[in-house]
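Everything below belongs to target.cif, which stores mmCIF, C-alpha atoms and all ligand atoms.
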data_entry
loop_
_atom_site.label_atom_id
_atom_site.label_comp_id
_atom_site.auth_asym_id
_atom_site.auth_seq_id
_atom_site.Cartn_x
_atom_site.Cartn_y
_atom_site.Cartn_z
CA LEU A 600 0.00 0.00 0.00
CA PHE A 601 1.67 3.17 -1.18
CA GLY A 602 2.07 5.83 1.48
CA TYR A 603 0.83 3.59 4.25
CA VAL A 604 3.01 3.98 7.32
CA GLY A 605 1.04 1.85 9.75
CA ILE A 606 0.53 4.39 12.48
CA GLU A 607 -2.78 2.87 13.43
CA ALA A 608 -0.90 -0.17 14.71
CA VAL A 609 0.36 2.06 17.49
CA LEU A 610 -3.06 1.64 19.07
CA ASP A 611 -2.46 -2.10 19.28
CA GLN A 612 0.94 -1.50 20.82
CA MET A 613 -0.58 0.79 23.44
CA ARG A 614 -3.29 -1.73 24.12
CA ARG A 615 -0.79 -4.53 24.60
CA LYS A 616 1.36 -2.43 26.89
CA THR A 617 -1.60 -1.41 29.04
CA MET A 618 -2.77 -4.99 29.21
CA LYS A 619 0.61 -6.14 30.41
CA ALA A 620 1.12 -3.39 32.93
CA GLY A 621 -2.47 -3.13 34.14
CA PHE A 622 -3.60 0.07 35.76
CA GLU A 623 -4.58 1.54 39.08
CA PHE A 624 -7.78 3.28 40.02
CA ASN A 625 -8.56 4.64 43.47
CA ILE A 626 -12.02 5.60 44.66
CA MET A 627 -12.85 7.13 48.00
CA VAL A 628 -16.32 6.87 49.54
CA VAL A 629 -17.47 9.49 52.04
CA GLY A 630 -20.71 9.90 53.97
CA GLN A 631 -22.34 9.29 57.31
CA SER A 632 -22.59 5.79 58.78
CA GLY A 633 -25.50 3.77 57.57
CA LEU A 634 -25.86 5.47 54.21
CA GLY A 635 -24.88 2.29 52.40
CA LYS A 636 -21.27 3.05 51.46
CA SER A 637 -19.94 -0.44 52.12
CA THR A 638 -22.93 -1.99 50.43
CA LEU A 639 -22.49 0.16 47.34
CA VAL A 640 -18.83 -0.73 47.09
CA ASN A 641 -19.76 -4.39 47.22
CA THR A 642 -22.38 -3.79 44.57
CA LEU A 643 -19.75 -2.19 42.38
CA PHE A 644 -17.50 -5.23 42.70
CA LYS A 645 -20.32 -7.72 42.26
CA SER A 646 -21.62 -6.03 39.18
CA LYS A 647 -18.27 -6.62 37.57
CA VAL A 648 -17.71 -9.93 35.90
CA SER A 649 -14.79 -11.48 37.67
CA ARG A 650 -12.76 -10.81 40.74
CA LYS A 651 -9.39 -12.35 41.27
CA SER A 652 -8.06 -11.44 44.62
CA CYS A 653 -9.01 -9.36 47.55
CA THR A 654 -6.42 -8.09 49.96
CA PRO A 655 -6.93 -5.45 52.59
CA ASN A 656 -3.67 -3.54 52.56
CA TYR A 657 -4.03 -0.31 54.46
CA GLU A 658 -5.63 0.71 57.67
CA GLU A 659 -4.77 3.87 59.46
CA LYS A 660 -6.39 5.59 62.33
CA ILE A 661 -5.88 9.20 61.41
CA SER A 662 -8.06 10.75 64.04
CA LYS A 663 -10.42 9.57 66.73
CA THR A 664 -13.47 10.17 64.61
CA VAL A 665 -12.66 9.25 61.05
CA ASN A 666 -10.85 6.03 60.17
CA LEU A 667 -9.60 5.53 56.71
CA GLN A 668 -9.42 1.99 55.38
CA SER A 669 -8.47 0.94 51.95
CA ILE A 670 -9.37 -2.29 50.28
CA CYS A 671 -7.72 -3.35 47.10
CA HIS A 672 -9.22 -5.65 44.51
CA VAL A 673 -7.55 -6.85 41.39
CA ILE A 674 -10.17 -7.19 38.72
CA GLU A 675 -9.30 -8.92 35.51
CA GLU A 676 -11.41 -8.91 32.39
CA LYS A 677 -10.29 -10.28 29.04
CA GLY A 678 -6.67 -10.13 30.07
CA VAL A 679 -6.77 -6.54 31.33
CA LYS A 680 -5.88 -6.09 34.97
CA MET A 681 -7.27 -3.27 37.04
CA LYS A 682 -6.11 -2.69 40.57
CA LEU A 683 -9.14 -1.03 42.09
CA THR A 684 -8.66 0.43 45.54
CA VAL A 685 -11.57 1.70 47.57
CA ILE A 686 -10.83 4.00 50.48
CA ASP A 687 -13.62 3.93 53.03
CA THR A 688 -14.05 6.68 55.60
CA PRO A 689 -16.27 5.24 58.34
CA GLY A 690 -17.13 7.81 60.97
CA PHE A 691 -17.32 10.87 58.76
CA GLY A 692 -20.05 13.23 59.96
CA ASP A 693 -21.18 10.98 62.80
CA GLN A 694 -20.38 13.34 65.64
CA ILE A 695 -22.67 15.90 67.19
CA ASN A 696 -20.07 18.50 66.47
CA ASN A 697 -18.79 17.87 62.98
CA GLU A 698 -16.55 20.86 62.85
CA ASN A 699 -13.45 20.06 60.83
CA CYS A 700 -14.53 16.48 60.17
CA TRP A 701 -13.20 16.84 56.61
CA GLU A 702 -9.68 17.43 57.86
CA PRO A 703 -8.52 13.81 58.01
CA ILE A 704 -9.87 13.34 54.51
CA VAL A 705 -8.12 16.43 53.14
CA LYS A 706 -4.99 15.20 54.87
CA TYR A 707 -5.22 11.76 53.28
CA VAL A 708 -5.75 13.17 49.79
CA ASN A 709 -2.80 15.53 50.14
CA GLU A 710 -0.56 12.84 51.59
CA GLN A 711 -1.03 10.78 48.46
CA TYR A 712 -0.04 13.76 46.29
CA GLU A 713 2.98 14.27 48.51
CA LYS A 714 4.01 10.62 48.14
CA TYR A 715 3.75 10.86 44.40
CA LEU A 716 5.70 14.11 44.33
CA ARG A 717 8.53 12.58 46.37
CA GLU A 718 8.75 9.65 43.99
CA GLU A 719 8.86 11.99 41.02
CA GLN A 720 11.69 13.98 42.52
CA HIS A 721 13.94 11.01 43.25
CA VAL A 722 17.08 10.97 41.18
CA ASN A 723 16.45 7.34 40.36
CA ARG A 724 12.80 7.39 39.57
CA LYS A 725 10.81 4.20 39.41
CA ARG A 726 9.70 3.44 35.90
CA ARG A 727 6.16 3.40 37.14
CA ILE A 728 5.37 5.43 40.21
CA PRO A 729 2.87 3.61 42.40
CA ASP A 730 -0.28 5.68 42.24
CA THR A 731 -2.28 5.96 45.46
CA ARG A 732 -3.82 9.32 44.59
CA VAL A 733 -7.59 9.51 45.00
CA HIS A 734 -9.00 9.61 41.48
CA CYS A 735 -12.56 10.08 42.58
CA CYS A 736 -14.46 10.84 45.76
CA VAL A 737 -18.02 9.52 45.84
CA TYR A 738 -19.95 11.62 48.33
CA PHE A 739 -23.12 10.11 49.80
CA LEU A 740 -26.08 12.41 50.43
CA PRO A 741 -28.83 11.13 52.70
CA ALA A 742 -32.16 10.78 50.89
CA THR A 743 -33.85 13.48 52.94
CA GLY A 744 -35.67 15.01 49.99
CA HIS A 745 -34.78 18.47 51.28
CA ARG A 746 -31.65 20.31 50.33
CA LEU A 747 -27.91 20.04 50.88
CA ARG A 748 -27.04 20.25 54.56
CA PRO A 749 -24.32 22.57 55.87
CA ILE A 750 -21.97 19.61 56.32
CA ASP A 751 -22.46 18.58 52.68
CA VAL A 752 -21.77 22.11 51.48
CA GLU A 753 -18.70 22.48 53.66
CA PHE A 754 -17.24 19.14 52.68
CA MET A 755 -17.78 19.42 48.96
CA LYS A 756 -16.66 23.04 48.84
CA ARG A 757 -13.34 22.17 50.39
CA LEU A 758 -12.71 18.85 48.74
CA GLY A 759 -13.84 20.07 45.32
CA HIS A 760 -10.59 21.98 45.05
CA ILE A 761 -8.34 18.99 45.58
CA VAL A 762 -10.18 15.96 44.21
CA SER A 763 -12.94 15.03 41.73
CA ILE A 764 -16.23 14.70 43.60
CA VAL A 765 -19.16 12.63 42.40
CA PRO A 766 -22.16 13.19 44.69
CA VAL A 767 -24.82 10.47 44.90
CA ILE A 768 -28.18 10.18 46.64
CA ALA A 769 -27.86 7.19 48.94
CA LYS A 770 -30.66 4.65 49.47
CA ALA A 771 -32.72 6.23 46.73
CA ASP A 772 -35.30 3.48 47.11
CA THR A 773 -36.65 5.41 50.09
CA LEU A 774 -37.82 8.26 47.83
CA THR A 775 -40.68 8.20 45.32
CA MET A 776 -39.78 8.95 41.70
CA GLU A 777 -41.22 12.42 42.05
CA GLU A 778 -39.36 13.16 45.27
CA ARG A 779 -36.19 11.92 43.65
CA LEU A 780 -36.49 14.27 40.70
CA GLU A 781 -37.25 17.26 42.88
CA PHE A 782 -34.46 16.43 45.30
CA LYS A 783 -31.99 16.10 42.46
CA GLN A 784 -33.05 19.43 41.08
CA ARG A 785 -32.72 21.16 44.43
CA ILE A 786 -29.29 19.67 44.95
CA ARG A 787 -28.13 20.91 41.56
CA GLN A 788 -29.37 24.38 42.49
CA ASP A 789 -27.56 24.22 45.82
CA LEU A 790 -24.33 23.05 44.20
CA GLU A 791 -24.48 25.92 41.76
CA ALA A 792 -25.49 28.51 44.38
CA ASN A 793 -22.59 27.49 46.61
CA GLY A 794 -20.04 27.35 43.82
CA ILE A 795 -19.31 23.69 44.50
CA ARG A 796 -17.15 21.98 41.91
CA VAL A 797 -18.26 18.47 41.10
CA TYR A 798 -17.13 16.08 38.43
CA PRO A 799 -17.30 16.37 35.43
CA GLN A 800 -16.47 20.05 35.46
CA LYS A 801 -17.34 22.20 32.46
CA GLU A 802 -13.90 23.84 32.38
CA TYR A 803 -12.23 20.52 31.71
CA ASP A 804 -14.33 19.42 28.74
CA GLU A 805 -11.81 19.02 25.99
CA ASP A 806 -14.01 19.41 22.93
CA ALA A 807 -17.60 19.65 21.71
CA GLU A 808 -18.02 15.90 21.86
CA ASP A 809 -16.98 15.88 25.52
CA ARG A 810 -19.31 18.73 26.24
CA ILE A 811 -22.35 16.98 24.79
CA LEU A 812 -21.60 13.78 26.68
CA ASN A 813 -20.78 15.54 29.95
CA ASP A 814 -23.75 17.92 29.75
CA LYS A 815 -25.99 14.84 29.82
CA ILE A 816 -24.27 13.71 32.99
CA ARG A 817 -24.34 17.17 34.55
CA GLU A 818 -28.09 17.42 33.91
CA ASN A 819 -28.59 14.13 35.67
CA ILE A 820 -26.43 14.35 38.79
CA PRO A 821 -26.48 13.43 41.58
CA PHE A 822 -27.22 9.82 40.67
CA ALA A 823 -29.90 8.30 42.86
CA VAL A 824 -28.36 4.95 43.76
CA VAL A 825 -29.41 1.77 45.50
CA GLY A 826 -26.96 -0.84 46.72
CA THR A 827 -27.25 -4.46 47.72
CA ASP A 828 -25.13 -7.49 48.43
CA LYS A 829 -27.81 -9.97 47.44
CA GLU A 830 -28.79 -11.65 44.22
CA HIS A 831 -32.36 -12.63 43.37
CA GLN A 832 -34.08 -14.53 40.60
CA VAL A 833 -36.07 -12.35 38.22
CA ASN A 834 -37.62 -14.11 35.21
CA GLY A 835 -35.08 -16.86 35.49
CA ASN A 836 -32.13 -14.45 35.63
CA LYS A 837 -29.93 -13.69 38.58
CA VAL A 838 -30.02 -9.98 39.34
CA LEU A 839 -28.52 -7.82 42.05
CA GLY A 840 -31.47 -6.46 43.98
CA ARG A 841 -33.24 -5.58 47.18
CA LYS A 842 -36.27 -7.65 47.99
CA THR A 843 -39.10 -5.68 49.54
CA LYS A 844 -42.67 -6.51 50.41
CA TRP A 845 -43.70 -4.89 47.15
CA GLY A 846 -41.22 -6.43 44.83
CA ILE A 847 -37.57 -6.53 43.90
CA ILE A 848 -35.61 -3.35 43.29
CA GLU A 849 -33.08 -4.28 40.64
CA VAL A 850 -30.03 -2.16 41.25
CA GLU A 851 -28.60 -2.51 37.74
CA ASN A 852 -31.94 -1.73 36.08
CA VAL A 853 -31.96 1.91 34.99
CA ALA A 854 -35.75 2.00 35.34
CA HIS A 855 -35.30 1.32 39.06
CA CYS A 856 -32.32 3.45 40.03
CA GLU A 857 -29.16 5.07 38.74
CA PHE A 858 -26.55 2.69 40.08
CA ALA A 859 -25.68 1.66 36.52
CA ASN A 860 -25.13 5.30 35.56
CA LEU A 861 -22.69 5.66 38.43
CA ARG A 862 -20.83 2.48 37.56
CA ASP A 863 -20.66 3.43 33.90
CA LEU A 864 -19.33 6.87 34.76
CA LEU A 865 -16.70 5.57 37.15
CA ILE A 866 -15.52 2.57 35.21
CA ARG A 867 -16.81 2.33 31.69
CA SER A 868 -16.79 5.86 30.34
CA HIS A 869 -14.76 8.21 32.53
CA LEU A 870 -12.11 6.20 34.34
CA GLN A 871 -9.26 7.49 32.21
CA ASP A 872 -10.60 11.03 32.35
CA LEU A 873 -10.82 10.87 36.15
CA LYS A 874 -7.19 9.78 36.20
CA ASP A 875 -6.19 12.54 33.77
CA VAL A 876 -8.01 15.24 35.76
CA THR A 877 -6.37 13.97 38.94
CA HIS A 878 -2.92 14.08 37.38
CA ASN A 879 -3.18 17.18 35.21
CA ILE A 880 -5.28 19.39 37.43
CA HIS A 881 -5.47 18.37 41.08
CA TYR A 882 -2.00 16.91 41.41
CA GLU A 883 -0.51 19.69 39.30
CA THR A 884 -2.09 22.33 41.55
CA TYR A 885 -0.63 20.57 44.57
CA ARG A 886 2.79 20.26 42.95
CA VAL A 887 2.98 23.91 41.98
CA ARG A 888 1.91 24.98 45.45
CA ARG A 889 4.52 22.77 47.10
CA LEU A 890 7.32 23.90 44.82
CA ASN A 891 6.42 27.55 45.40
CA GLU A 892 6.45 26.91 49.13
CA SER A 893 9.89 25.38 49.06
CA ASN A 894 11.26 28.19 46.89
CA ALA A 895 9.87 30.87 49.13
P1 LIG A 901 -22.18 2.37 55.64
O1 LIG A 901 -22.14 2.59 57.10
O2 LIG A 901 -22.35 3.67 54.92
O3 LIG A 901 -21.05 1.56 55.11
O4 LIG A 901 -23.55 1.57 55.33
P2 LIG A 901 -23.76 0.01 55.07
O5 LIG A 901 -23.36 -0.35 53.68
O6 LIG A 901 -23.16 -0.76 56.16
O7 LIG A 901 -25.36 -0.09 55.11
C1 LIG A 901 -26.12 0.24 56.25
C2 LIG A 901 -27.50 -0.42 56.17
O8 LIG A 901 -28.26 0.14 55.09
C3 LIG A 901 -27.46 -1.91 55.92
O9 LIG A 901 -28.48 -2.51 56.67
C4 LIG A 901 -27.75 -2.04 54.44
O10 LIG A 901 -28.38 -3.26 54.13
C5 LIG A 901 -28.69 -0.89 54.21
N1 LIG A 901 -28.58 -0.38 52.84
C6 LIG A 901 -27.46 -0.27 52.10
N2 LIG A 901 -27.73 0.25 50.89
C7 LIG A 901 -29.06 0.46 50.85
C8 LIG A 901 -29.97 0.97 49.86
O11 LIG A 901 -29.57 1.35 48.76
N3 LIG A 901 -31.29 1.04 50.21
C9 LIG A 901 -31.75 0.64 51.41
N4 LIG A 901 -33.06 0.73 51.64
N5 LIG A 901 -30.94 0.16 52.35
C10 LIG A 901 -29.62 0.06 52.10
MG MG A 902 -19.34 0.93 56.01
#

Translate this file's structure into structure tokens.
Amino acid sequence: LFGYVGIEAVLDQMRRKTMKAGFEFNIMVVGQSGLGKSTLVNTLFKSKVSRKSCTPNYEEKISKTVNLQSICHVIEEKGVKMKLTVIDTPGFGDQINNENCWEPIVKYVNEQYEKYLREEQHVNRKRRIPDTRVHCCVYFLPATGHRLRPIDVEFMKRLGHIVSIVPVIAKADTLTMEERLEFKQRIRQDLEANGIRVYPQKEYDEDAEDRILNDKIRENIPFAVVGTDKEHQVNGNKVLGRKTKWGIIEVENVAHCEFANLRDLLIRSHLQDLKDVTHNIHYETYRVRRLNESNA
């Protein structure tokens, strides 16, 4: 073929390299006890096809009130390995006085940037720097049907500057469809009114195609999710669901709740973008700040 260089084969090379190396993805879940964080994380893992290993690898008591625990799963699909780490924050917002309850979380996020920065500055850098940076923070809002609470505003305002936040309405099965829609709308108003930055942010859309796709997501956040760790039979199929007196709520059925939208955003459509935003924006901001500090 005259003039054919074969550049498109580069895609295959990239694919093979990624498959061999695998990749890391770190999600943090934040919200009061009992909002279904652990359950949702399990749902996320169960809704994936296969799970290879499961090793708890980090547990640190950062303060009396908020413990951070991270659980790492290696998920492999069609030869591609993903090391998915979920950082749980039990205890957040459980006190009567929740002043400064975001501090241990801010500290954790920044510590991971610091670790990465140190590795980058070594004379003998590792070929691949282990990445423990939080790529996404899923923030659980209680399904009150009212508005954002002061603690939600405070947390998201602060964290929105250092990490990508994806707010969700927890236990959405406790709201009617109408309540859900109205609650979502009010939350979007509150986010806007308080200048809270949630993912995906308009400023980081790269082109018109991005904008169209992300506008759809922005019009639909926060996702109203339902979690479960049980499977049930529905028309001869096994589905993840919650069995109630009135029927089964199928968590992966988009007619029932928006769990699938959340999973698709986190894993199927925006995983790489979440990593890019973390590296190019949040980490970069941290790095510049640190370097300015040390030059001052
Ligand atoms: P965490 O403290 O935020 O980790 O909450 P858990 O995952 O431990 O869940 C607390 C309780 O809420 C458990 O009894 C769960 O079965 C229940 N739960 C979890 N997710 C949902 C949900 O989506 N809807 C309802 N109705 N209950 C849920
Ligand atoms: Mg829990």

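Taking atom CA of A:Cys856 as the reference point, atom CA of A:Ala769 is found at 10.6 Å.
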
Practice prompt. Please identify all polymer residues within 7 Å of A:Lys682, counting all atoms listed in the file, omitting same-chain residues fewer than 4 positions from it, and present them as number ranges by chain.
Written response: A: 622-624, 671-674

Discussion item. What residues of the protein or nucleic acid chains come within 7 Å of ligand MG 902 (chain A) when you use only C-alpha atoms and all ligand atoms? Reply as an MDAnalysis selection string.
Written reply: chainID A and resid 632:633 635:637 689

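Distances from A:Leu864, A:Leu870, A:Leu716, A:Met613 to A:Tyr885 were compared using all atoms listed in the file, and the smallest one belongs to A:Leu716.
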
Practice prompt. Using only C-alpha atoms, determine which residues lie at most 7 Å from A:Leu634, disregarding the query and same-chain residues fewer than 5 positions distant; provide the list as a ChimeraX atom specification.
Written response: /A:739,741,769-770

Item to complete: With only C-alpha atoms and all ligand atoms counted, collect every polymer residue having an atom within 10 Å of ligand LIG 901 (chain A); state the result as a ChimeraX atom specification.
Response: /A:628-642,687-691,739,742,768-774,823-829,840-843,848,850,856,858

Around stretch 607-622 of chain A, fit a box with edges along x, y and z, padding it by 5 Å on each side, then list its centre and edge lengths in Å to one decimal as lines of an AutoDock Vina configuration file.
center_x = -1.1
center_y = -1.6
center_z = 24.6
size_x = 15.0
size_y = 19.0
size_z = 32.3

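Checking A:Asp872, A:Glu802, A:Asp611, A:Asp789 one by one against A:Asp751, counting all atoms listed in the file, you find the shortest gap at A:Asp789.
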
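For the set A:Ile764, A:Ile811, A:Leu610, A:Val685, the residue with the smallest atom-to-atom gap to A:Val876 is A:Ile764, counting all atoms listed in the file.
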
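When only C-alpha atoms are used to measure the gap to A:Asp730, the shortest distance among A:Asn625, A:Asn813, A:Ser893, A:Ile795 belongs to A:Asn625.
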
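Between atom CA of A:Gly621 and atom CA of A:Ile670 the interatomic distance comes to 17.6 Å.
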
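Coordinates place atom CA of A:Cys736 at a distance of 21.6 Å from atom CA of A:Arg810.
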
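Remark: for A:Arg862, the closest of the candidate residues A:Ile695, A:Val737, A:Ile686, A:Val887 is A:Val737 (distances computed over only C-alpha atoms).
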
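Among the candidate residues A:Arg787, A:Gly692, A:Tyr882, A:Asn891, the one lying nearest to A:Lys714 is A:Tyr882, with distances computed using only C-alpha atoms.
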
Item to complete: Step by step: start from the point (-8.6, 8.8, 40.3) in the file's coordinates, keep every protein, DNA or RNA residue that has an atom no farther than 7 Å from it, count only C-alpha atoms, and write the set as number ranges by chain.
Response: A: 624-626, 732-735, 873-874, 877
